[in-house]
$ cat work-v4.cif   # mmCIF, C-alpha atoms and all ligand atoms
data_start
#
loop_
_atom_site.label_atom_id
_atom_site.label_comp_id
_atom_site.auth_asym_id
_atom_site.auth_seq_id
_atom_site.Cartn_x
_atom_site.Cartn_y
_atom_site.Cartn_z
CA MET A 19 8.86 -5.61 21.37
CA THR A 20 5.74 -3.42 21.32
CA GLU A 21 3.99 -3.12 24.67
CA ILE A 22 0.34 -4.17 24.46
CA LEU A 23 -1.69 -1.72 26.51
CA PRO A 24 -4.84 -3.03 28.20
CA GLY A 25 -7.92 -1.27 26.93
CA PRO A 26 -11.34 -1.81 25.45
CA ALA A 27 -11.25 -4.03 22.35
CA VAL A 28 -13.68 -3.57 19.51
CA ASP A 29 -16.48 -6.10 19.28
CA PRO A 30 -15.10 -8.80 16.89
CA ALA A 31 -18.33 -9.11 14.87
CA ARG A 32 -18.50 -5.34 14.37
CA PHE A 33 -14.80 -5.24 13.49
CA ARG A 34 -15.34 -7.85 10.74
CA ARG A 35 -18.46 -6.09 9.48
CA VAL A 36 -16.74 -2.73 9.14
CA LEU A 37 -13.69 -4.33 7.48
CA SER A 38 -16.00 -5.96 4.94
CA ALA A 39 -17.21 -2.48 3.93
CA HIS A 40 -13.71 -1.87 2.55
CA ALA A 41 -13.67 -3.02 -1.08
CA ALA A 42 -10.38 -4.63 -2.05
CA GLY A 43 -8.65 -5.90 -5.15
CA VAL A 44 -8.03 -9.64 -5.26
CA VAL A 45 -4.68 -11.33 -5.89
CA VAL A 46 -3.40 -14.88 -5.85
CA ILE A 47 0.07 -15.33 -4.38
CA THR A 48 1.92 -18.17 -6.11
CA GLY A 49 5.31 -19.79 -5.75
CA GLN A 50 6.98 -23.13 -6.00
CA THR A 51 9.37 -25.07 -3.84
CA GLU A 52 11.01 -28.31 -4.96
CA GLY A 53 8.96 -28.23 -8.16
CA ILE A 54 5.60 -28.13 -6.41
CA PRO A 55 3.39 -25.10 -7.11
CA ALA A 56 1.42 -23.51 -4.28
CA GLY A 57 -0.86 -20.51 -4.09
CA LEU A 58 -3.55 -18.74 -2.12
CA THR A 59 -6.08 -15.98 -2.67
CA ALA A 60 -5.52 -12.72 -0.76
CA THR A 61 -7.15 -9.32 -0.46
CA SER A 62 -4.55 -8.05 2.03
CA PHE A 63 -2.17 -7.10 -0.78
CA SER A 64 -0.80 -3.53 -0.77
CA SER A 65 2.03 -1.48 -2.18
CA VAL A 66 4.60 -0.46 0.47
CA SER A 67 7.43 1.52 -1.13
CA LEU A 68 8.41 2.82 -4.58
CA GLU A 69 12.17 3.04 -3.90
CA PRO A 70 12.97 0.29 -3.30
CA PRO A 71 9.89 -1.25 -4.95
CA LEU A 72 8.16 -3.16 -2.13
CA VAL A 73 4.74 -4.76 -1.79
CA CYS A 74 3.15 -6.71 1.04
CA PHE A 75 0.37 -9.07 2.02
CA TYR A 76 -0.71 -10.70 5.26
CA VAL A 77 -1.13 -14.44 5.61
CA ASP A 78 -3.01 -16.27 8.36
CA GLN A 79 -0.73 -18.04 10.87
CA ASN A 80 -2.97 -21.11 10.38
CA SER A 81 -2.55 -21.20 6.60
CA THR A 82 -1.53 -24.65 5.38
CA THR A 83 -0.36 -23.14 2.08
CA TRP A 84 2.07 -20.59 3.52
CA PRO A 85 4.57 -23.23 4.75
CA LYS A 86 4.75 -24.44 1.12
CA LEU A 87 5.32 -20.89 -0.19
CA LYS A 88 7.58 -19.35 2.38
CA ASP A 89 10.80 -21.06 1.27
CA ALA A 90 10.37 -20.21 -2.42
CA ASP A 91 13.17 -18.05 -3.88
CA GLN A 92 10.52 -15.95 -5.57
CA PHE A 93 6.78 -15.43 -5.44
CA ALA A 94 4.30 -13.92 -7.88
CA VAL A 95 1.42 -11.59 -7.14
CA ASN A 96 -1.24 -12.46 -9.74
CA ILE A 97 -3.65 -9.49 -9.90
CA LEU A 98 -6.98 -11.03 -10.86
CA ALA A 99 -9.15 -9.70 -13.67
CA GLY A 100 -12.87 -8.95 -13.33
CA ASN A 101 -13.91 -12.29 -14.83
CA GLN A 102 -11.74 -14.42 -12.50
CA ALA A 103 -14.03 -14.78 -9.45
CA GLU A 104 -14.10 -18.57 -9.80
CA LEU A 105 -10.31 -18.64 -9.87
CA ALA A 106 -10.23 -16.57 -6.67
CA ALA A 107 -12.64 -19.00 -4.98
CA ARG A 108 -10.58 -21.95 -6.20
CA PHE A 109 -7.37 -20.61 -4.64
CA ALA A 110 -9.17 -20.25 -1.29
CA ARG A 111 -10.63 -23.77 -1.32
CA PRO A 112 -8.97 -26.37 0.93
CA GLY A 113 -8.29 -29.96 -0.08
CA ILE A 114 -8.03 -29.56 -3.87
CA ASP A 115 -5.21 -29.25 -6.38
CA ARG A 116 -5.66 -25.55 -7.14
CA PHE A 117 -3.39 -25.79 -10.21
CA ALA A 118 -5.34 -28.63 -11.86
CA GLU A 119 -7.82 -27.96 -14.71
CA PRO A 120 -9.61 -25.62 -15.21
CA THR A 121 -6.83 -23.41 -13.75
CA ARG A 122 -4.75 -22.01 -16.62
CA TRP A 123 -1.17 -21.20 -15.69
CA ARG A 124 2.41 -21.42 -16.92
CA PRO A 125 5.77 -21.62 -15.20
CA GLY A 126 7.40 -18.14 -15.28
CA PRO A 127 10.98 -17.17 -14.38
CA LEU A 128 12.53 -19.60 -11.84
CA GLY A 129 9.46 -21.80 -12.38
CA THR A 130 7.20 -19.45 -10.43
CA PRO A 131 3.61 -20.24 -11.48
CA LEU A 132 1.93 -17.41 -13.37
CA LEU A 133 -1.86 -17.60 -13.70
CA ARG A 134 -3.12 -16.84 -17.21
CA ASP A 135 -5.45 -14.00 -18.25
CA THR A 136 -4.82 -11.91 -15.11
CA ALA A 137 -4.81 -8.09 -15.03
CA GLY A 138 -1.11 -8.13 -14.18
CA HIS A 139 1.77 -9.86 -12.45
CA LEU A 140 4.43 -8.77 -9.99
CA LEU A 141 7.46 -10.99 -9.48
CA CYS A 142 9.00 -10.62 -6.03
CA THR A 143 11.88 -11.91 -3.99
CA PRO A 144 11.22 -12.28 -0.27
CA TYR A 145 12.42 -9.11 1.50
CA THR A 146 11.30 -9.54 5.10
CA SER A 147 8.44 -10.93 7.15
CA LEU A 148 7.06 -10.27 10.60
CA ASP A 149 4.71 -12.17 12.90
CA ILE A 150 1.96 -9.73 13.74
CA GLY A 151 -1.18 -10.68 15.69
CA ASP A 152 -2.64 -13.85 14.16
CA HIS A 153 -1.10 -13.08 10.74
CA ILE A 154 2.34 -12.87 9.15
CA LEU A 155 3.26 -9.69 7.30
CA VAL A 156 5.17 -10.67 4.16
CA ILE A 157 7.10 -8.02 2.24
CA GLY A 158 8.47 -8.67 -1.24
CA LEU A 159 10.98 -6.79 -3.38
CA VAL A 160 9.50 -6.42 -6.86
CA THR A 161 11.92 -7.58 -9.56
CA ASP A 162 9.58 -7.51 -12.55
CA ALA A 163 6.11 -6.19 -13.33
CA LEU A 164 3.84 -7.17 -16.20
CA VAL A 165 0.59 -5.44 -17.02
CA HIS A 166 -1.96 -7.11 -19.26
CA GLU A 167 -4.79 -5.66 -21.31
CA PRO A 168 -7.65 -5.44 -20.60
CA ASP A 169 -6.79 -4.76 -16.96
CA GLN A 170 -10.31 -4.64 -15.54
CA PRO A 171 -9.85 -5.76 -11.87
CA LEU A 172 -11.68 -8.23 -9.67
CA LEU A 173 -12.95 -6.68 -6.42
CA TYR A 174 -14.20 -8.16 -3.14
CA HIS A 175 -16.78 -6.43 -0.95
CA ARG A 176 -19.08 -7.69 1.83
CA GLY A 177 -18.24 -11.32 1.02
CA ARG A 178 -18.97 -11.03 -2.70
CA PHE A 179 -16.86 -10.66 -5.83
CA GLY A 180 -17.61 -7.87 -8.29
CA ARG A 181 -16.16 -5.54 -10.88
CA PHE A 182 -15.06 -1.91 -10.88
CA MET A 183 -17.53 0.60 -12.29
CA PRO A 184 -15.89 3.96 -13.16
CA HIS A 185 -17.92 7.18 -12.82
CA ASN A 186 -17.43 8.02 -16.49
C1 LIG B 201 -11.56 -12.98 -1.19
C2 LIG B 201 -10.61 -13.70 -0.27
C3 LIG B 201 -9.54 -13.00 0.29
C4 LIG B 201 -8.64 -13.65 1.15
N1 LIG B 201 -7.58 -12.95 1.66
C5 LIG B 201 -6.71 -13.58 2.45
C6 LIG B 201 -5.57 -12.89 2.95
O1 LIG B 201 -5.34 -11.72 2.66
N2 LIG B 201 -4.70 -13.58 3.76
C7 LIG B 201 -4.93 -14.89 4.08
O2 LIG B 201 -4.12 -15.46 4.81
N3 LIG B 201 -5.98 -15.57 3.62
C8 LIG B 201 -6.88 -14.95 2.80
N4 LIG B 201 -7.94 -15.62 2.30
C9 LIG B 201 -8.11 -17.02 2.66
C10 LIG B 201 -7.20 -17.91 1.86
O3 LIG B 201 -7.24 -17.74 0.47
C11 LIG B 201 -7.63 -19.35 2.21
O4 LIG B 201 -8.07 -19.45 3.50
C12 LIG B 201 -6.51 -20.24 2.14
O5 LIG B 201 -5.90 -20.27 0.91
C13 LIG B 201 -7.00 -21.67 2.42
O6 LIG B 201 -6.29 -22.12 3.44
P1 LIG B 201 -4.77 -22.66 3.27
O7 LIG B 201 -3.88 -21.47 3.36
O8 LIG B 201 -4.65 -23.55 4.43
O9 LIG B 201 -4.66 -23.29 1.93
C14 LIG B 201 -8.84 -15.01 1.45
C15 LIG B 201 -9.91 -15.71 0.87
C16 LIG B 201 -10.78 -15.06 0.01
C17 LIG B 201 -11.90 -15.83 -0.62
#

$ encode --input "work-v4.cif" --output "structure tokens"
Amino acid sequence: MTEILPGPAVDPARFRRVLSAHAAGVVVITGQTEGIPAGLTATSFSSVSLEPPLVCFYVDQNSTTWPKLKDADQFAVNILAGNQAELAARFARPGIDRFAEPTRWRPGPLGTPLLRDTAGHLLCTPYTSLDIGDHILVIGLVTDALVHEPDQPLLYHRGRFGRFMPHN
């Protein structure tokens, strides 16, 4: 157990504001348990290790979707394309069936939902998870990776979705 040292904490509003200056790619984590698909939008996705191939994301302890995903044998990281901002918003919206029309998806291996027209997919088996602060760190072992063309990514910055603009 890590000892928590008393000390000055950053002002929460400033913390959020500085974090929002960090542009991030947008993914939707999907899985299914007992035939029911579930998914949520996340920007906390990151690669962790190449050997073994590991990736991670962080999910809010209060998420109502995570309990539906956490027992899945497999989950997919759907890397959203630049024209999928509405899809990202849809998978963050409470109280709707996120997989209903106009969401376009298909069941992949083991029935894991794969969103259509994404920049890429990673298929993962749960590797480990850790309660950390008010989030859960989820690490997945990547078993398959699919890249799609064009792979123009969706980005999130200061509360808005946008696209990547290369220097040349
Ligand atoms: C751009 C964006 C990024 C998000 N990133 C995360 C994230 O990394 N982790 C997380 O737990 N929730 C994240 N959310 C929020 C969840 O998508 C959303 O709160 C959740 O799906 C709705 O609550 P539920 O989990 O109870 O369904 C993000 C939302 C948006 C719009």

$ residues_near_ligand --input "work-v4.cif" --ligand "ligand LIG 201 (chain B)" --cutoff "9 Å" --atoms "only C-alpha atoms and all ligand atoms" --output "mmCIF file with C-alpha atoms, in the frame of the given file"
data_model
loop_
_atom_site.group_PDB
_atom_site.id
_atom_site.type_symbol
_atom_site.label_atom_id
_atom_site.label_comp_id
_atom_site.auth_asym_id
_atom_site.auth_seq_id
_atom_site.Cartn_x
_atom_site.Cartn_y
_atom_site.Cartn_z
ATOM 1 C CA ALA A 42 -10.380 -4.630 -2.050
ATOM 2 C CA GLY A 43 -8.650 -5.900 -5.150
ATOM 3 C CA VAL A 44 -8.030 -9.640 -5.260
ATOM 4 C CA VAL A 45 -4.680 -11.330 -5.890
ATOM 5 C CA VAL A 46 -3.400 -14.880 -5.850
ATOM 6 C CA ALA A 56 1.420 -23.510 -4.280
ATOM 7 C CA GLY A 57 -0.860 -20.510 -4.090
ATOM 8 C CA LEU A 58 -3.550 -18.740 -2.120
ATOM 9 C CA THR A 59 -6.080 -15.980 -2.670
ATOM 10 C CA ALA A 60 -5.520 -12.720 -0.760
ATOM 11 C CA THR A 61 -7.150 -9.320 -0.460
ATOM 12 C CA SER A 62 -4.550 -8.050 2.030
ATOM 13 C CA PHE A 63 -2.170 -7.100 -0.780
ATOM 14 C CA PHE A 75 0.370 -9.070 2.020
ATOM 15 C CA TYR A 76 -0.710 -10.700 5.260
ATOM 16 C CA VAL A 77 -1.130 -14.440 5.610
ATOM 17 C CA ASP A 78 -3.010 -16.270 8.360
ATOM 18 C CA GLN A 79 -0.730 -18.040 10.870
ATOM 19 C CA ASN A 80 -2.970 -21.110 10.380
ATOM 20 C CA SER A 81 -2.550 -21.200 6.600
ATOM 21 C CA THR A 82 -1.530 -24.650 5.380
ATOM 22 C CA THR A 83 -0.360 -23.140 2.080
ATOM 23 C CA TRP A 84 2.070 -20.590 3.520
ATOM 24 C CA PRO A 85 4.570 -23.230 4.750
ATOM 25 C CA ALA A 103 -14.030 -14.780 -9.450
ATOM 26 C CA ALA A 106 -10.230 -16.570 -6.670
ATOM 27 C CA ALA A 107 -12.640 -19.000 -4.980
ATOM 28 C CA ARG A 108 -10.580 -21.950 -6.200
ATOM 29 C CA PHE A 109 -7.370 -20.610 -4.640
ATOM 30 C CA ALA A 110 -9.170 -20.250 -1.290
ATOM 31 C CA ARG A 111 -10.630 -23.770 -1.320
ATOM 32 C CA PRO A 112 -8.970 -26.370 0.930
ATOM 33 C CA GLY A 113 -8.290 -29.960 -0.080
ATOM 34 C CA HIS A 153 -1.100 -13.080 10.740
ATOM 35 C CA ILE A 154 2.340 -12.870 9.150
ATOM 36 C CA LEU A 173 -12.950 -6.680 -6.420
ATOM 37 C CA TYR A 174 -14.200 -8.160 -3.140
ATOM 38 C CA HIS A 175 -16.780 -6.430 -0.950
ATOM 39 C CA GLY A 177 -18.240 -11.320 1.020
ATOM 40 C CA ARG A 178 -18.970 -11.030 -2.700
ATOM 41 C CA PHE A 179 -16.860 -10.660 -5.830
#

$ closest_residue --input "work-v4.cif" --among "A:Phe182, A:Pro55, A:Glu167, A:Leu68" --to "Pro131 in chain A" --atoms "all atoms listed in the file"
A:Pro55

$ closest_residue --input "work-v4.cif" --among "A:Lys88, A:Phe33, A:Gly129, A:Asn101" --to "Thr146 in chain A" --atoms "all atoms listed in the file"
A:Lys88

$ residues_around --input "work-v4.cif" --residues "Gly100 in chain A" --least-positions-apart "2" --cutoff "6 Å" --atoms "all atoms listed in the file" --output "ChimeraX atom specification"
/A:102,170-172,181

$ atom_distance --input "work-v4.cif" --atom1 "CA of Pro120 in chain A" --atom2 "CA of Leu105 in chain A"
8.8 Å

$ decode --input "work-v4.cif" --residues "range 51-98 of chain A" --atoms "N, CA and C atoms" --output "short mmCIF file (atom, residue, chain, number, x, y, z; two decimals), in the first residue's frame"
data_model
loop_
_atom_site.label_atom_id
_atom_site.label_comp_id
_atom_site.auth_asym_id
_atom_site.auth_seq_id
_atom_site.Cartn_x
_atom_site.Cartn_y
_atom_site.Cartn_z
N THR A 51 -21.20 -9.04 -22.30
CA THR A 51 -21.36 -10.13 -21.35
C THR A 51 -22.79 -10.62 -21.44
N GLU A 52 -22.94 -11.95 -21.48
CA GLU A 52 -24.25 -12.60 -21.62
C GLU A 52 -25.03 -12.02 -22.79
N GLY A 53 -24.32 -11.78 -23.89
CA GLY A 53 -24.96 -11.36 -25.13
C GLY A 53 -25.35 -9.90 -25.20
N ILE A 54 -25.05 -9.14 -24.15
CA ILE A 54 -25.45 -7.73 -24.14
C ILE A 54 -24.22 -6.85 -24.36
N PRO A 55 -24.24 -6.06 -25.45
CA PRO A 55 -23.09 -5.19 -25.71
C PRO A 55 -23.06 -3.99 -24.79
N ALA A 56 -21.86 -3.54 -24.45
CA ALA A 56 -21.70 -2.35 -23.62
C ALA A 56 -20.47 -1.61 -24.12
N GLY A 57 -20.45 -0.30 -23.90
CA GLY A 57 -19.29 0.46 -24.34
C GLY A 57 -19.29 1.86 -23.79
N LEU A 58 -18.10 2.45 -23.71
CA LEU A 58 -17.98 3.83 -23.25
C LEU A 58 -16.81 4.52 -23.93
N THR A 59 -16.98 5.82 -24.11
CA THR A 59 -15.93 6.66 -24.70
C THR A 59 -14.84 6.93 -23.68
N ALA A 60 -13.58 6.93 -24.14
CA ALA A 60 -12.46 7.21 -23.23
C ALA A 60 -11.33 7.93 -23.97
N THR A 61 -10.72 8.89 -23.28
CA THR A 61 -9.50 9.51 -23.79
C THR A 61 -8.28 9.05 -22.97
N SER A 62 -8.51 8.26 -21.93
CA SER A 62 -7.42 7.85 -21.05
C SER A 62 -6.66 6.64 -21.57
N PHE A 63 -6.93 6.28 -22.82
CA PHE A 63 -6.25 5.13 -23.43
C PHE A 63 -4.76 5.41 -23.64
N SER A 64 -3.93 4.40 -23.42
CA SER A 64 -2.49 4.53 -23.69
C SER A 64 -1.88 3.16 -23.95
N SER A 65 -0.79 3.15 -24.69
CA SER A 65 -0.01 1.92 -24.79
C SER A 65 0.80 1.78 -23.50
N VAL A 66 1.10 0.55 -23.11
CA VAL A 66 1.84 0.29 -21.86
C VAL A 66 3.13 -0.46 -22.14
N SER A 67 3.07 -1.51 -22.94
CA SER A 67 4.23 -2.39 -23.14
C SER A 67 4.15 -3.00 -24.53
N LEU A 68 5.34 -3.19 -25.16
CA LEU A 68 5.36 -3.85 -26.48
C LEU A 68 5.50 -5.36 -26.32
N GLU A 69 6.28 -5.79 -25.32
CA GLU A 69 6.49 -7.23 -25.09
C GLU A 69 6.35 -7.56 -23.63
N PRO A 70 5.24 -8.04 -23.15
CA PRO A 70 4.07 -8.40 -23.94
C PRO A 70 3.31 -7.17 -24.40
N PRO A 71 2.46 -7.31 -25.42
CA PRO A 71 1.71 -6.15 -25.92
C PRO A 71 0.57 -5.78 -24.97
N LEU A 72 0.75 -4.67 -24.25
CA LEU A 72 -0.24 -4.25 -23.25
C LEU A 72 -0.70 -2.82 -23.54
N VAL A 73 -1.97 -2.58 -23.29
CA VAL A 73 -2.53 -1.22 -23.37
C VAL A 73 -3.34 -0.99 -22.11
N CYS A 74 -3.69 0.28 -21.87
CA CYS A 74 -4.49 0.56 -20.66
C CYS A 74 -5.46 1.70 -20.91
N PHE A 75 -6.43 1.80 -20.01
CA PHE A 75 -7.29 2.96 -19.91
C PHE A 75 -7.74 3.05 -18.46
N TYR A 76 -8.29 4.20 -18.11
CA TYR A 76 -8.78 4.41 -16.75
C TYR A 76 -10.28 4.63 -16.81
N VAL A 77 -11.02 3.97 -15.93
CA VAL A 77 -12.47 4.15 -15.92
C VAL A 77 -12.91 4.66 -14.55
N ASP A 78 -13.84 5.59 -14.58
CA ASP A 78 -14.37 6.21 -13.37
C ASP A 78 -15.01 5.14 -12.47
N GLN A 79 -14.71 5.22 -11.18
CA GLN A 79 -15.31 4.26 -10.22
C GLN A 79 -16.83 4.32 -10.25
N ASN A 80 -17.38 5.50 -10.64
CA ASN A 80 -18.84 5.67 -10.67
C ASN A 80 -19.47 5.26 -12.00
N SER A 81 -18.68 4.78 -12.93
CA SER A 81 -19.23 4.39 -14.23
C SER A 81 -20.28 3.31 -14.05
N THR A 82 -21.43 3.50 -14.72
CA THR A 82 -22.46 2.45 -14.69
C THR A 82 -22.23 1.44 -15.81
N THR A 83 -21.36 1.79 -16.76
CA THR A 83 -21.08 0.88 -17.88
C THR A 83 -19.99 -0.13 -17.51
N TRP A 84 -19.02 0.29 -16.70
CA TRP A 84 -17.91 -0.60 -16.38
C TRP A 84 -18.36 -1.94 -15.75
N PRO A 85 -19.34 -1.92 -14.83
CA PRO A 85 -19.77 -3.22 -14.28
C PRO A 85 -20.28 -4.17 -15.36
N LYS A 86 -20.79 -3.62 -16.49
CA LYS A 86 -21.29 -4.47 -17.58
C LYS A 86 -20.14 -4.95 -18.46
N LEU A 87 -19.00 -4.25 -18.41
CA LEU A 87 -17.86 -4.60 -19.27
C LEU A 87 -16.83 -5.48 -18.55
N LYS A 88 -16.75 -5.34 -17.26
CA LYS A 88 -15.58 -5.87 -16.55
C LYS A 88 -15.51 -7.39 -16.54
N ASP A 89 -16.66 -8.07 -16.73
CA ASP A 89 -16.62 -9.52 -16.72
C ASP A 89 -16.51 -10.13 -18.12
N ALA A 90 -16.41 -9.28 -19.14
CA ALA A 90 -16.28 -9.79 -20.51
C ALA A 90 -14.94 -10.52 -20.66
N ASP A 91 -14.93 -11.61 -21.46
CA ASP A 91 -13.70 -12.37 -21.69
C ASP A 91 -12.73 -11.58 -22.54
N GLN A 92 -13.27 -10.59 -23.24
CA GLN A 92 -12.45 -9.82 -24.17
C GLN A 92 -13.06 -8.43 -24.29
N PHE A 93 -12.23 -7.43 -24.53
CA PHE A 93 -12.78 -6.12 -24.88
C PHE A 93 -12.06 -5.58 -26.11
N ALA A 94 -12.72 -4.64 -26.79
CA ALA A 94 -12.13 -4.02 -27.97
C ALA A 94 -11.88 -2.55 -27.69
N VAL A 95 -10.75 -2.07 -28.17
CA VAL A 95 -10.46 -0.64 -28.18
C VAL A 95 -10.73 -0.18 -29.62
N ASN A 96 -11.80 0.60 -29.79
CA ASN A 96 -12.17 1.12 -31.11
C ASN A 96 -11.55 2.52 -31.22
N ILE A 97 -10.54 2.68 -32.05
CA ILE A 97 -9.86 3.97 -32.20
C ILE A 97 -10.65 4.80 -33.20
N LEU A 98 -11.24 5.90 -32.72
CA LEU A 98 -12.20 6.63 -33.56
C LEU A 98 -11.50 7.43 -34.65
#
